[in-house]
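Peer 1: For reference, this is structure-v8.cif, and it has mmCIF, C-alpha atoms and all ligand atoms; chains and numbers go by the auth columns.
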```
data_upload
#
loop_
_atom_site.group_PDB
_atom_site.id
_atom_site.type_symbol
_atom_site.label_atom_id
_atom_site.label_comp_id
_atom_site.label_asym_id
_atom_site.label_seq_id
_atom_site.Cartn_x
_atom_site.Cartn_y
_atom_site.Cartn_z
_atom_site.B_iso_or_equiv
_atom_site.auth_seq_id
_atom_site.auth_asym_id
ATOM 1 C CA MET A 1 -37.100 16.378 -33.448 0.00 1 A
ATOM 2 C CA ASN A 2 -36.953 12.591 -33.474 0.00 2 A
ATOM 3 C CA ASP A 3 -33.402 12.004 -34.681 0.00 3 A
ATOM 4 C CA LYS A 4 -30.601 11.567 -32.193 0.00 4 A
ATOM 5 C CA ILE A 5 -28.015 14.295 -32.622 0.00 5 A
ATOM 6 C CA ASN A 6 -24.443 13.712 -31.457 0.00 6 A
ATOM 7 C CA VAL A 7 -22.822 16.946 -30.293 0.00 7 A
ATOM 8 C CA LEU A 8 -19.668 17.775 -32.246 0.00 8 A
ATOM 9 C CA ILE A 9 -19.091 21.378 -31.083 0.00 9 A
ATOM 10 C CA SER A 10 -20.772 22.650 -27.920 0.00 10 A
ATOM 11 C CA GLU A 11 -22.544 25.977 -27.407 0.00 11 A
ATOM 12 C CA GLU A 12 -19.700 27.099 -25.105 0.00 12 A
ATOM 13 C CA GLU A 13 -16.996 26.188 -27.634 0.00 13 A
ATOM 14 C CA ILE A 14 -18.840 28.116 -30.354 0.00 14 A
ATOM 15 C CA ALA A 15 -19.208 31.225 -28.155 0.00 15 A
ATOM 16 C CA LYS A 16 -15.507 31.158 -27.195 0.00 16 A
ATOM 17 C CA ARG A 17 -14.350 30.710 -30.785 0.00 17 A
ATOM 18 C CA ILE A 18 -16.591 33.497 -32.084 0.00 18 A
ATOM 19 C CA SER A 19 -15.070 35.911 -29.560 0.00 19 A
ATOM 20 C CA GLU A 20 -11.616 34.903 -30.821 0.00 20 A
ATOM 21 C CA MET A 21 -12.698 35.348 -34.459 0.00 21 A
ATOM 22 C CA ALA A 22 -14.017 38.834 -33.649 0.00 22 A
ATOM 23 C CA GLU A 23 -10.618 39.665 -32.130 0.00 23 A
ATOM 24 C CA GLU A 24 -8.879 38.402 -35.296 0.00 24 A
ATOM 25 C CA ILE A 25 -11.149 40.595 -37.445 0.00 25 A
ATOM 26 C CA THR A 26 -10.592 43.636 -35.194 0.00 26 A
ATOM 27 C CA LYS A 27 -6.828 43.075 -35.361 0.00 27 A
ATOM 28 C CA ASP A 28 -6.979 43.148 -39.182 0.00 28 A
ATOM 29 C CA THR A 29 -9.487 45.955 -39.660 0.00 29 A
ATOM 30 C CA GLY A 30 -8.973 48.208 -36.635 0.00 30 A
ATOM 31 C CA ASP A 31 -11.514 51.039 -36.582 0.00 31 A
ATOM 32 C CA GLU A 32 -12.378 50.778 -40.270 0.00 32 A
ATOM 33 C CA PRO A 33 -16.056 50.386 -41.090 0.00 33 A
ATOM 34 C CA ILE A 34 -16.926 46.989 -42.537 0.00 34 A
ATOM 35 C CA VAL A 35 -19.783 45.400 -44.423 0.00 35 A
ATOM 36 C CA LEU A 36 -20.813 41.895 -43.373 0.00 36 A
ATOM 37 C CA ILE A 37 -22.633 39.906 -46.042 0.00 37 A
ATOM 38 C CA GLY A 38 -24.479 36.929 -44.554 0.00 38 A
ATOM 39 C CA ILE A 39 -25.403 34.012 -46.780 0.00 39 A
ATOM 40 C CA LEU A 40 -28.932 32.905 -45.955 0.00 40 A
ATOM 41 C CA LYS A 41 -30.047 31.005 -44.119 0.00 41 A
ATOM 42 C CA GLY A 42 -27.210 29.088 -42.497 0.00 42 A
ATOM 43 C CA SER A 43 -25.182 32.137 -41.438 0.00 43 A
ATOM 44 C CA ILE A 44 -27.839 33.864 -39.328 0.00 44 A
ATOM 45 C CA MET A 45 -26.599 32.683 -35.916 0.00 45 A
ATOM 46 C CA LEU A 46 -22.949 33.434 -36.703 0.00 46 A
ATOM 47 C CA MET A 47 -23.912 36.843 -38.094 0.00 47 A
ATOM 48 C CA ALA A 48 -25.883 37.759 -34.964 0.00 48 A
ATOM 49 C CA ASP A 49 -23.211 36.597 -32.511 0.00 49 A
ATOM 50 C CA LEU A 50 -20.151 37.833 -34.419 0.00 50 A
ATOM 51 C CA ALA A 51 -21.579 41.256 -35.342 0.00 51 A
ATOM 52 C CA ARG A 52 -22.293 41.997 -31.682 0.00 52 A
ATOM 53 C CA LYS A 53 -18.642 41.366 -30.806 0.00 53 A
ATOM 54 C CA LEU A 54 -17.326 43.917 -33.327 0.00 54 A
ATOM 55 C CA LYS A 55 -16.774 47.461 -32.094 0.00 55 A
ATOM 56 C CA GLN A 56 -16.369 49.445 -35.344 0.00 56 A
ATOM 57 C CA ASP A 57 -19.174 50.603 -37.681 0.00 57 A
ATOM 58 C CA VAL A 58 -20.762 47.504 -39.162 0.00 58 A
ATOM 59 C CA LYS A 59 -23.251 47.392 -42.035 0.00 59 A
ATOM 60 C CA ILE A 60 -25.167 44.169 -42.538 0.00 60 A
ATOM 61 C CA ASP A 61 -26.550 42.806 -45.783 0.00 61 A
ATOM 62 C CA PHE A 62 -27.712 39.343 -46.859 0.00 62 A
ATOM 63 C CA MET A 63 -27.698 37.241 -50.001 0.00 63 A
ATOM 64 C CA ASP A 64 -29.671 34.093 -50.684 0.00 64 A
ATOM 65 C CA ILE A 65 -27.982 31.828 -53.176 0.00 65 A
ATOM 66 C CA SER A 66 -28.277 28.234 -54.314 0.00 66 A
ATOM 67 C CA SER A 67 -25.956 25.929 -56.193 0.00 67 A
ATOM 68 C CA TYR A 68 -26.739 25.570 -59.835 0.00 68 A
ATOM 69 C CA GLY A 69 -26.858 22.095 -61.410 0.00 69 A
ATOM 70 C CA ASP A 70 -24.489 19.289 -60.557 0.00 70 A
ATOM 71 C CA SER A 71 -21.575 20.359 -58.386 0.00 71 A
ATOM 72 C CA ASP A 72 -19.525 17.378 -59.681 0.00 72 A
ATOM 73 C CA THR A 73 -19.415 18.880 -63.126 0.00 73 A
ATOM 74 C CA SER A 74 -20.447 22.511 -62.770 0.00 74 A
ATOM 75 C CA SER A 75 -17.992 25.342 -63.087 0.00 75 A
ATOM 76 C CA GLY A 76 -19.186 26.612 -59.735 0.00 76 A
ATOM 77 C CA GLU A 77 -22.146 28.583 -60.978 0.00 77 A
ATOM 78 C CA ILE A 78 -24.756 29.685 -58.482 0.00 78 A
ATOM 79 C CA LYS A 79 -28.239 31.131 -58.693 0.00 79 A
ATOM 80 C CA ILE A 80 -28.843 34.382 -56.800 0.00 80 A
ATOM 81 C CA ASN A 81 -32.305 34.289 -55.195 0.00 81 A
ATOM 82 C CA LYS A 82 -31.780 37.490 -53.199 0.00 82 A
ATOM 83 C CA ASP A 83 -29.075 39.958 -54.152 0.00 83 A
ATOM 84 C CA LEU A 84 -27.365 42.662 -52.108 0.00 84 A
ATOM 85 C CA GLU A 85 -29.391 45.710 -51.155 0.00 85 A
ATOM 86 C CA TYR A 86 -26.395 48.081 -50.975 0.00 86 A
ATOM 87 C CA ALA A 87 -23.466 48.801 -53.298 0.00 87 A
ATOM 88 C CA ILE A 88 -20.134 47.527 -51.959 0.00 88 A
ATOM 89 C CA GLU A 89 -17.746 49.476 -54.199 0.00 89 A
ATOM 90 C CA GLY A 90 -14.885 50.802 -52.056 0.00 90 A
ATOM 91 C CA GLU A 91 -16.109 48.984 -48.931 0.00 91 A
ATOM 92 C CA ASN A 92 -14.252 46.491 -46.742 0.00 92 A
ATOM 93 C CA VAL A 93 -16.405 43.402 -47.092 0.00 93 A
ATOM 94 C CA ILE A 94 -16.471 40.159 -45.143 0.00 94 A
ATOM 95 C CA ILE A 95 -18.679 37.305 -46.317 0.00 95 A
ATOM 96 C CA ILE A 96 -20.265 35.427 -43.397 0.00 96 A
ATOM 97 C CA GLU A 97 -20.860 31.768 -44.306 0.00 97 A
ATOM 98 C CA ASP A 98 -21.930 28.727 -42.308 0.00 98 A
ATOM 99 C CA ILE A 99 -19.747 26.062 -43.929 0.00 99 A
ATOM 100 C CA VAL A 100 -17.354 25.691 -46.844 0.00 100 A
ATOM 101 C CA ASP A 101 -17.470 22.163 -48.246 0.00 101 A
ATOM 102 C CA THR A 102 -16.551 21.652 -51.926 0.00 102 A
ATOM 103 C CA GLY A 103 -15.960 25.397 -52.243 0.00 103 A
ATOM 104 C CA THR A 104 -18.307 25.597 -55.249 0.00 104 A
ATOM 105 C CA THR A 105 -20.565 28.278 -53.757 0.00 105 A
ATOM 106 C CA MET A 106 -17.859 30.509 -52.286 0.00 106 A
ATOM 107 C CA SER A 107 -15.567 30.226 -55.311 0.00 107 A
ATOM 108 C CA TYR A 108 -18.322 31.614 -57.511 0.00 108 A
ATOM 109 C CA LEU A 109 -19.500 34.199 -55.000 0.00 109 A
ATOM 110 C CA LEU A 110 -16.005 35.591 -54.354 0.00 110 A
ATOM 111 C CA ASP A 111 -15.503 36.095 -58.122 0.00 111 A
ATOM 112 C CA HIS A 112 -18.975 37.637 -58.413 0.00 112 A
ATOM 113 C CA LEU A 113 -18.454 40.102 -55.545 0.00 113 A
ATOM 114 C CA ARG A 114 -14.910 41.025 -56.648 0.00 114 A
ATOM 115 C CA GLU A 115 -16.463 42.434 -59.835 0.00 115 A
ATOM 116 C CA LYS A 116 -18.340 44.949 -57.659 0.00 116 A
ATOM 117 C CA LYS A 117 -14.952 46.445 -56.697 0.00 117 A
ATOM 118 C CA PRO A 118 -14.945 46.341 -52.884 0.00 118 A
ATOM 119 C CA ALA A 119 -11.807 47.832 -51.259 0.00 119 A
ATOM 120 C CA SER A 120 -11.218 44.402 -49.710 0.00 120 A
ATOM 121 C CA LEU A 121 -13.070 41.102 -49.730 0.00 121 A
ATOM 122 C CA LYS A 122 -12.626 38.404 -47.098 0.00 122 A
ATOM 123 C CA LEU A 123 -14.376 35.197 -46.165 0.00 123 A
ATOM 124 C CA CYS A 124 -15.371 34.192 -42.648 0.00 124 A
ATOM 125 C CA THR A 125 -16.834 30.721 -42.189 0.00 125 A
ATOM 126 C CA LEU A 126 -17.915 29.005 -39.001 0.00 126 A
ATOM 127 C CA LEU A 127 -17.003 25.565 -40.356 0.00 127 A
ATOM 128 C CA ASP A 128 -14.521 24.306 -42.913 0.00 128 A
ATOM 129 C CA LYS A 129 -14.645 20.781 -44.391 0.00 129 A
ATOM 130 C CA PRO A 130 -11.386 20.787 -46.405 0.00 130 A
ATOM 131 C CA GLU A 131 -11.451 17.047 -47.258 0.00 131 A
ATOM 132 C CA ASN A 132 -14.185 17.581 -49.810 0.00 132 A
ATOM 133 C CA ARG A 133 -12.724 20.668 -51.505 0.00 133 A
ATOM 134 C CA ARG A 134 -13.000 20.911 -55.305 0.00 134 A
ATOM 135 C CA PHE A 135 -12.403 24.648 -55.729 0.00 135 A
ATOM 136 C CA ASP A 136 -9.486 26.482 -54.196 0.00 136 A
ATOM 137 C CA VAL A 137 -11.108 28.935 -51.770 0.00 137 A
ATOM 138 C CA LYS A 138 -9.167 31.079 -49.313 0.00 138 A
ATOM 139 C CA CYS A 139 -10.998 31.194 -45.969 0.00 139 A
ATOM 140 C CA ASP A 140 -9.618 34.194 -44.048 0.00 140 A
ATOM 141 C CA TYR A 141 -11.391 33.412 -40.771 0.00 141 A
ATOM 142 C CA ILE A 142 -12.334 29.839 -39.836 0.00 142 A
ATOM 143 C CA GLY A 143 -14.243 28.875 -36.707 0.00 143 A
ATOM 144 C CA PHE A 144 -13.585 25.144 -36.752 0.00 144 A
ATOM 145 C CA GLU A 145 -12.136 22.659 -39.212 0.00 145 A
ATOM 146 C CA ILE A 146 -14.297 19.534 -39.167 0.00 146 A
ATOM 147 C CA PRO A 147 -14.159 16.065 -40.764 0.00 147 A
ATOM 148 C CA ASN A 148 -16.232 15.205 -43.818 0.00 148 A
ATOM 149 C CA LYS A 149 -19.506 14.625 -41.932 0.00 149 A
ATOM 150 C CA PHE A 150 -22.952 16.148 -42.441 0.00 150 A
ATOM 151 C CA VAL A 151 -23.576 18.559 -39.581 0.00 151 A
ATOM 152 C CA VAL A 152 -26.618 20.472 -38.321 0.00 152 A
ATOM 153 C CA GLY A 153 -27.410 23.155 -35.768 0.00 153 A
ATOM 154 C CA TYR A 154 -26.463 26.775 -35.081 0.00 154 A
ATOM 155 C CA GLY A 155 -28.075 27.826 -38.386 0.00 155 A
ATOM 156 C CA LEU A 156 -27.364 24.654 -40.369 0.00 156 A
ATOM 157 C CA ASP A 157 -30.314 22.492 -41.353 0.00 157 A
ATOM 158 C CA TYR A 158 -31.312 19.015 -42.417 0.00 158 A
ATOM 159 C CA ALA A 159 -34.464 19.416 -44.555 0.00 159 A
ATOM 160 C CA GLN A 160 -35.042 22.799 -42.819 0.00 160 A
ATOM 161 C CA LYS A 161 -34.883 21.208 -39.338 0.00 161 A
ATOM 162 C CA TYR A 162 -32.332 21.776 -36.557 0.00 162 A
ATOM 163 C CA ARG A 163 -31.272 25.343 -37.455 0.00 163 A
ATOM 164 C CA ASN A 164 -32.265 26.407 -33.934 0.00 164 A
ATOM 165 C CA LEU A 165 -29.985 23.971 -32.084 0.00 165 A
ATOM 166 C CA PRO A 166 -27.468 26.016 -30.070 0.00 166 A
ATOM 167 C CA TYR A 167 -24.646 23.551 -30.859 0.00 167 A
ATOM 168 C CA ILE A 168 -23.209 21.814 -33.951 0.00 168 A
ATOM 169 C CA GLY A 169 -24.023 18.120 -34.173 0.00 169 A
ATOM 170 C CA CYS A 170 -24.229 15.132 -36.489 0.00 170 A
ATOM 171 C CA VAL A 171 -27.487 13.286 -37.119 0.00 171 A
ATOM 172 C CA ASP A 172 -27.036 9.753 -35.797 0.00 172 A
ATOM 173 C CA THR A 173 -28.146 7.585 -38.715 0.00 173 A
ATOM 174 C CA THR A 174 -27.660 4.360 -36.752 0.00 174 A
ATOM 175 C CA GLU A 175 -30.556 5.224 -34.367 0.00 175 A
ATOM 176 C CA LYS A 176 -34.206 4.596 -35.253 0.00 176 A
HETATM 177 P P1 LIG B . -20.107 23.994 -51.108 0.00 1 B
HETATM 178 O O1 LIG B . -20.567 24.848 -52.261 0.00 1 B
HETATM 179 O O2 LIG B . -18.866 24.528 -50.421 0.00 1 B
HETATM 180 O O3 LIG B . -19.951 22.549 -51.492 0.00 1 B
HETATM 181 O O4 LIG B . -21.277 23.940 -50.072 0.00 1 B
HETATM 182 C C1 LIG B . -21.637 24.987 -49.270 0.00 1 B
HETATM 183 C C2 LIG B . -23.069 24.835 -48.819 0.00 1 B
HETATM 184 O O5 LIG B . -23.485 23.441 -48.746 0.00 1 B
HETATM 185 C C3 LIG B . -23.234 25.364 -47.429 0.00 1 B
HETATM 186 O O6 LIG B . -23.508 26.753 -47.421 0.00 1 B
HETATM 187 C C4 LIG B . -24.363 24.527 -46.888 0.00 1 B
HETATM 188 O O7 LIG B . -25.596 25.111 -47.261 0.00 1 B
HETATM 189 C C5 LIG B . -24.227 23.191 -47.591 0.00 1 B
HETATM 190 N N1 LIG B . -23.514 22.205 -46.751 0.00 1 B
HETATM 191 C C6 LIG B . -22.285 21.680 -46.965 0.00 1 B
HETATM 192 N N2 LIG B . -21.958 20.817 -45.986 0.00 1 B
HETATM 193 C C7 LIG B . -22.995 20.814 -45.122 0.00 1 B
HETATM 194 C C8 LIG B . -23.257 20.118 -43.874 0.00 1 B
HETATM 195 O O8 LIG B . -22.469 19.331 -43.349 0.00 1 B
HETATM 196 N N3 LIG B . -24.456 20.375 -43.272 0.00 1 B
HETATM 197 C C9 LIG B . -25.373 21.232 -43.792 0.00 1 B
HETATM 198 N N4 LIG B . -26.505 21.410 -43.108 0.00 1 B
HETATM 199 N N5 LIG B . -25.165 21.898 -44.950 0.00 1 B
HETATM 200 C C10 LIG B . -23.990 21.693 -45.605 0.00 1 B
#
```
Take the structure in the file and write it out as structure tokens.
Peer 2:
Amino acid sequence: MNDKINVLISEEEIAKRISEMAEEITKDTGDEPIVLIGILKGSIMLMADLARKLKQDVKIDFMDISSYGDSDTSSGEIKINKDLEYAIEGENVIIIEDIVDTGTTMSYLLDHLREKKPASLKLCTLLDKPENRRFDVKCDYIGFEIPNKFVVGYGLDYAQKYRNLPYIGCVDTTEK
């Protein structure tokens, strides 16, 4: 790890906010069983920490998806590299995402999963970068709203590096 990383959100701030998000989810869902769908790979840390704070029955599934073509012009189409293992019809589903930027990925995924007829479908994202939004996406649970900067850590990568950092930071491009 040669790059200098400037801390934007500390490990302690993340832990505190995730506890609050779990309380928000519990307030909305009570004792009802829920299905968490993590979007690989960026959501793994949030999934692990958030799931352990929830007290009701929780099923966990993962999808691996990638944006399709040019997000400037695309209609928000994505390629599904790994689909769900379990049916979600009639289930209360919460998507667990690392960051919503343009909204391209989540806009498509929400439409795609709605077709599978879950009882409810919500979106939980650790980070929200609303400045760059191109598609109107409703984020039900947001960890932190951040400025339009490229961030790494706590699951988020730069060329597959930095996912294991316990905090969220920005790569300092002024340093050599
Ligand atoms: P969107 O489709 O909303 O434009 O982009 C969502 C995806 O882009 C995220 O799941 C993430 O993989 C990637 N992404 C967007 N902004 C960032 C960022 O600041 N850092 C990293 N590491 N990935 C990002």
Peer 1: Separation of atom CA of Lys161 of chain A and atom CA of Asp140 of chain A, in Å?
Peer 2: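 Between atom CA of Lys161 of chain A and atom CA of Asp140 of chain A the gap works out to 28.8 Å.
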Peer 1: Which residues of chain A come within 10 Å of ligand LIG 1 (chain B), and for each one, what is the closest pair of atoms and their distance in Å to one decimal, counting all atoms listed in the file, sorted by chain and residue number, as JSON lines?
Peer 2:
```
{"residue": "A:Ile39", "atom": "CA", "partner": "B:LIG1", "partner_atom": "O6", "distance": 7.5}
{"residue": "A:Leu40", "atom": "CA", "partner": "B:LIG1", "partner_atom": "O6", "distance": 8.3}
{"residue": "A:Lys41", "atom": "CA", "partner": "B:LIG1", "partner_atom": "O7", "distance": 8.0}
{"residue": "A:Gly42", "atom": "CA", "partner": "B:LIG1", "partner_atom": "O7", "distance": 6.4}
{"residue": "A:Ser43", "atom": "CA", "partner": "B:LIG1", "partner_atom": "O6", "distance": 8.2}
{"residue": "A:Ile65", "atom": "CA", "partner": "B:LIG1", "partner_atom": "O6", "distance": 8.9}
{"residue": "A:Ser66", "atom": "CA", "partner": "B:LIG1", "partner_atom": "O7", "distance": 8.2}
{"residue": "A:Ser67", "atom": "CA", "partner": "B:LIG1", "partner_atom": "O1", "distance": 6.8}
{"residue": "A:Tyr68", "atom": "CA", "partner": "B:LIG1", "partner_atom": "O1", "distance": 9.8}
{"residue": "A:Ser71", "atom": "CA", "partner": "B:LIG1", "partner_atom": "O3", "distance": 7.4}
{"residue": "A:Asp72", "atom": "CA", "partner": "B:LIG1", "partner_atom": "O3", "distance": 9.7}
{"residue": "A:Gly76", "atom": "CA", "partner": "B:LIG1", "partner_atom": "O1", "distance": 7.8}
{"residue": "A:Glu77", "atom": "CA", "partner": "B:LIG1", "partner_atom": "O1", "distance": 9.6}
{"residue": "A:Ile78", "atom": "CA", "partner": "B:LIG1", "partner_atom": "O1", "distance": 8.9}
{"residue": "A:Glu97", "atom": "CA", "partner": "B:LIG1", "partner_atom": "O6", "distance": 6.5}
{"residue": "A:Asp98", "atom": "CA", "partner": "B:LIG1", "partner_atom": "O6", "distance": 5.7}
{"residue": "A:Ile99", "atom": "CA", "partner": "B:LIG1", "partner_atom": "C3", "distance": 5.0}
{"residue": "A:Val100", "atom": "CA", "partner": "B:LIG1", "partner_atom": "O2", "distance": 4.1}
{"residue": "A:Asp101", "atom": "CA", "partner": "B:LIG1", "partner_atom": "O2", "distance": 3.5}
{"residue": "A:Thr102", "atom": "CA", "partner": "B:LIG1", "partner_atom": "O3", "distance": 3.5}
{"residue": "A:Gly103", "atom": "CA", "partner": "B:LIG1", "partner_atom": "O2", "distance": 3.5}
{"residue": "A:Thr104", "atom": "CA", "partner": "B:LIG1", "partner_atom": "O1", "distance": 3.8}
{"residue": "A:Thr105", "atom": "CA", "partner": "B:LIG1", "partner_atom": "O1", "distance": 3.7}
{"residue": "A:Met106", "atom": "CA", "partner": "B:LIG1", "partner_atom": "O1", "distance": 6.3}
{"residue": "A:Ser107", "atom": "CA", "partner": "B:LIG1", "partner_atom": "O1", "distance": 8.0}
{"residue": "A:Tyr108", "atom": "CA", "partner": "B:LIG1", "partner_atom": "O1", "distance": 8.9}
{"residue": "A:Leu109", "atom": "CA", "partner": "B:LIG1", "partner_atom": "O1", "distance": 9.8}
{"residue": "A:Thr125", "atom": "CA", "partner": "B:LIG1", "partner_atom": "O6", "distance": 9.4}
{"residue": "A:Leu127", "atom": "CA", "partner": "B:LIG1", "partner_atom": "O8", "distance": 8.8}
{"residue": "A:Asp128", "atom": "CA", "partner": "B:LIG1", "partner_atom": "O2", "distance": 8.7}
{"residue": "A:Lys129", "atom": "CA", "partner": "B:LIG1", "partner_atom": "N2", "distance": 7.5}
{"residue": "A:Pro130", "atom": "CA", "partner": "B:LIG1", "partner_atom": "O2", "distance": 9.3}
{"residue": "A:Asn132", "atom": "CA", "partner": "B:LIG1", "partner_atom": "O3", "distance": 7.8}
{"residue": "A:Arg133", "atom": "CA", "partner": "B:LIG1", "partner_atom": "O2", "distance": 7.3}
{"residue": "A:Arg134", "atom": "CA", "partner": "B:LIG1", "partner_atom": "O3", "distance": 8.1}
{"residue": "A:Phe135", "atom": "CA", "partner": "B:LIG1", "partner_atom": "O2", "distance": 8.4}
{"residue": "A:Val137", "atom": "CA", "partner": "B:LIG1", "partner_atom": "O2", "distance": 9.0}
{"residue": "A:Ile146", "atom": "CA", "partner": "B:LIG1", "partner_atom": "O8", "distance": 9.2}
{"residue": "A:Pro147", "atom": "CA", "partner": "B:LIG1", "partner_atom": "O8", "distance": 9.3}
{"residue": "A:Asn148", "atom": "CA", "partner": "B:LIG1", "partner_atom": "O8", "distance": 7.5}
{"residue": "A:Lys149", "atom": "CA", "partner": "B:LIG1", "partner_atom": "O8", "distance": 5.7}
{"residue": "A:Phe150", "atom": "CA", "partner": "B:LIG1", "partner_atom": "O8", "distance": 3.3}
{"residue": "A:Val151", "atom": "CA", "partner": "B:LIG1", "partner_atom": "O8", "distance": 4.0}
{"residue": "A:Val152", "atom": "CA", "partner": "B:LIG1", "partner_atom": "N4", "distance": 4.9}
{"residue": "A:Gly153", "atom": "CA", "partner": "B:LIG1", "partner_atom": "N4", "distance": 7.6}
{"residue": "A:Tyr154", "atom": "CA", "partner": "B:LIG1", "partner_atom": "N4", "distance": 9.7}
{"residue": "A:Gly155", "atom": "CA", "partner": "B:LIG1", "partner_atom": "N4", "distance": 8.1}
{"residue": "A:Leu156", "atom": "CA", "partner": "B:LIG1", "partner_atom": "N4", "distance": 4.3}
{"residue": "A:Asp157", "atom": "CA", "partner": "B:LIG1", "partner_atom": "N4", "distance": 4.3}
{"residue": "A:Tyr158", "atom": "CA", "partner": "B:LIG1", "partner_atom": "N4", "distance": 5.4}
{"residue": "A:Ala159", "atom": "CA", "partner": "B:LIG1", "partner_atom": "N4", "distance": 8.3}
{"residue": "A:Gln160", "atom": "CA", "partner": "B:LIG1", "partner_atom": "N4", "distance": 8.7}
{"residue": "A:Lys161", "atom": "CA", "partner": "B:LIG1", "partner_atom": "N4", "distance": 9.2}
{"residue": "A:Tyr162", "atom": "CA", "partner": "B:LIG1", "partner_atom": "N4", "distance": 8.8}
{"residue": "A:Arg163", "atom": "CA", "partner": "B:LIG1", "partner_atom": "N4", "distance": 8.4}
{"residue": "A:Ile168", "atom": "CA", "partner": "B:LIG1", "partner_atom": "N3", "distance": 9.5}
{"residue": "A:Gly169", "atom": "CA", "partner": "B:LIG1", "partner_atom": "N3", "distance": 9.4}
{"residue": "A:Cys170", "atom": "CA", "partner": "B:LIG1", "partner_atom": "O8", "distance": 8.2}
{"residue": "A:Val171", "atom": "CA", "partner": "B:LIG1", "partner_atom": "N3", "distance": 9.9}
```
Peer 1: Please report the interatomic distance between atom CA of Leu46 of chain A and atom CA of Leu8 of chain A in Å with one decimal.
Peer 2: 16.6 Å
Peer 1: For atom CA of Glu12 of chain A and atom CA of Leu36 of chain A, determine how far apart the two atoms are, in Å to one decimal place.
Peer 2: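 About the pair atom CA of Glu12 of chain A and atom CA of Leu36 of chain A: they are 23.5 Å apart.
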Peer 1: Could you state which residues are captured by the PyMOL selection byres (((chain A and resi 14) around 10) and not hetatm) in this file, as a PyMOL selection string?
Peer 2: chain A and resi 9-13+15-20+46+49+126+143-144+154+166-168
Peer 1: I need the output of the PyMOL selection byres (((chain A and resi 85) around 8) and not hetatm) for this file as number ranges by chain; which residues are they?
Peer 2: A: 61-62, 83-84, 86-87
Peer 1: Any chance you could work out the residue set of the PyMOL selection byres (((chain A and resi 94) around 6) and not hetatm) here, as an MDAnalysis selection string?
Peer 2: chainID A and resid 36 93 95 121:123
Peer 1: Might you pull out every residue within 8 Å of Ile60 of chain A, with only C-alpha atoms counted and same-chain residues fewer than 5 positions away left off, and present them as a compact mmCIF listing (two decimals) with C-alpha atoms, keeping the file's coordinate frame?
Peer 2:
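What ended up in out34.txt:
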```
# COMPACT_ATOMS: atom_id res chain seq x y z
CA VAL A 35 -19.78 45.40 -44.42
CA LEU A 36 -20.81 41.90 -43.37
CA ILE A 37 -22.63 39.91 -46.04
CA GLY A 38 -24.48 36.93 -44.55
```
Peer 1: Given the choices A:Asp3, A:Lys138, A:Lys117, A:Cys124, which gets closest to Ala22 of chain A if the distance is worked out from all atoms listed in the file?
Peer 2: A:Cys124
Peer 1: Out of A:Cys139, A:Glu23, A:Val58, A:Ile80, which residue has the shortest atom-to-atom distance to His112 of chain A when counting all atoms listed in the file?
Peer 2: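 Nearest to His112 of chain A: A:Ile80.
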Peer 1: Using all atoms of segment 54-66 of chain A listed in the file and a margin of 8 Å per side, can you give the axis-aligned box centre and edge lengths in Å to one decimal, as AutoDock Vina command-line options?
Peer 2:
```
--center_x -23.0 --center_y 39.4 --center_z -43.2 --size_x 29.3 --size_y 38.4 --size_z 38.2
```
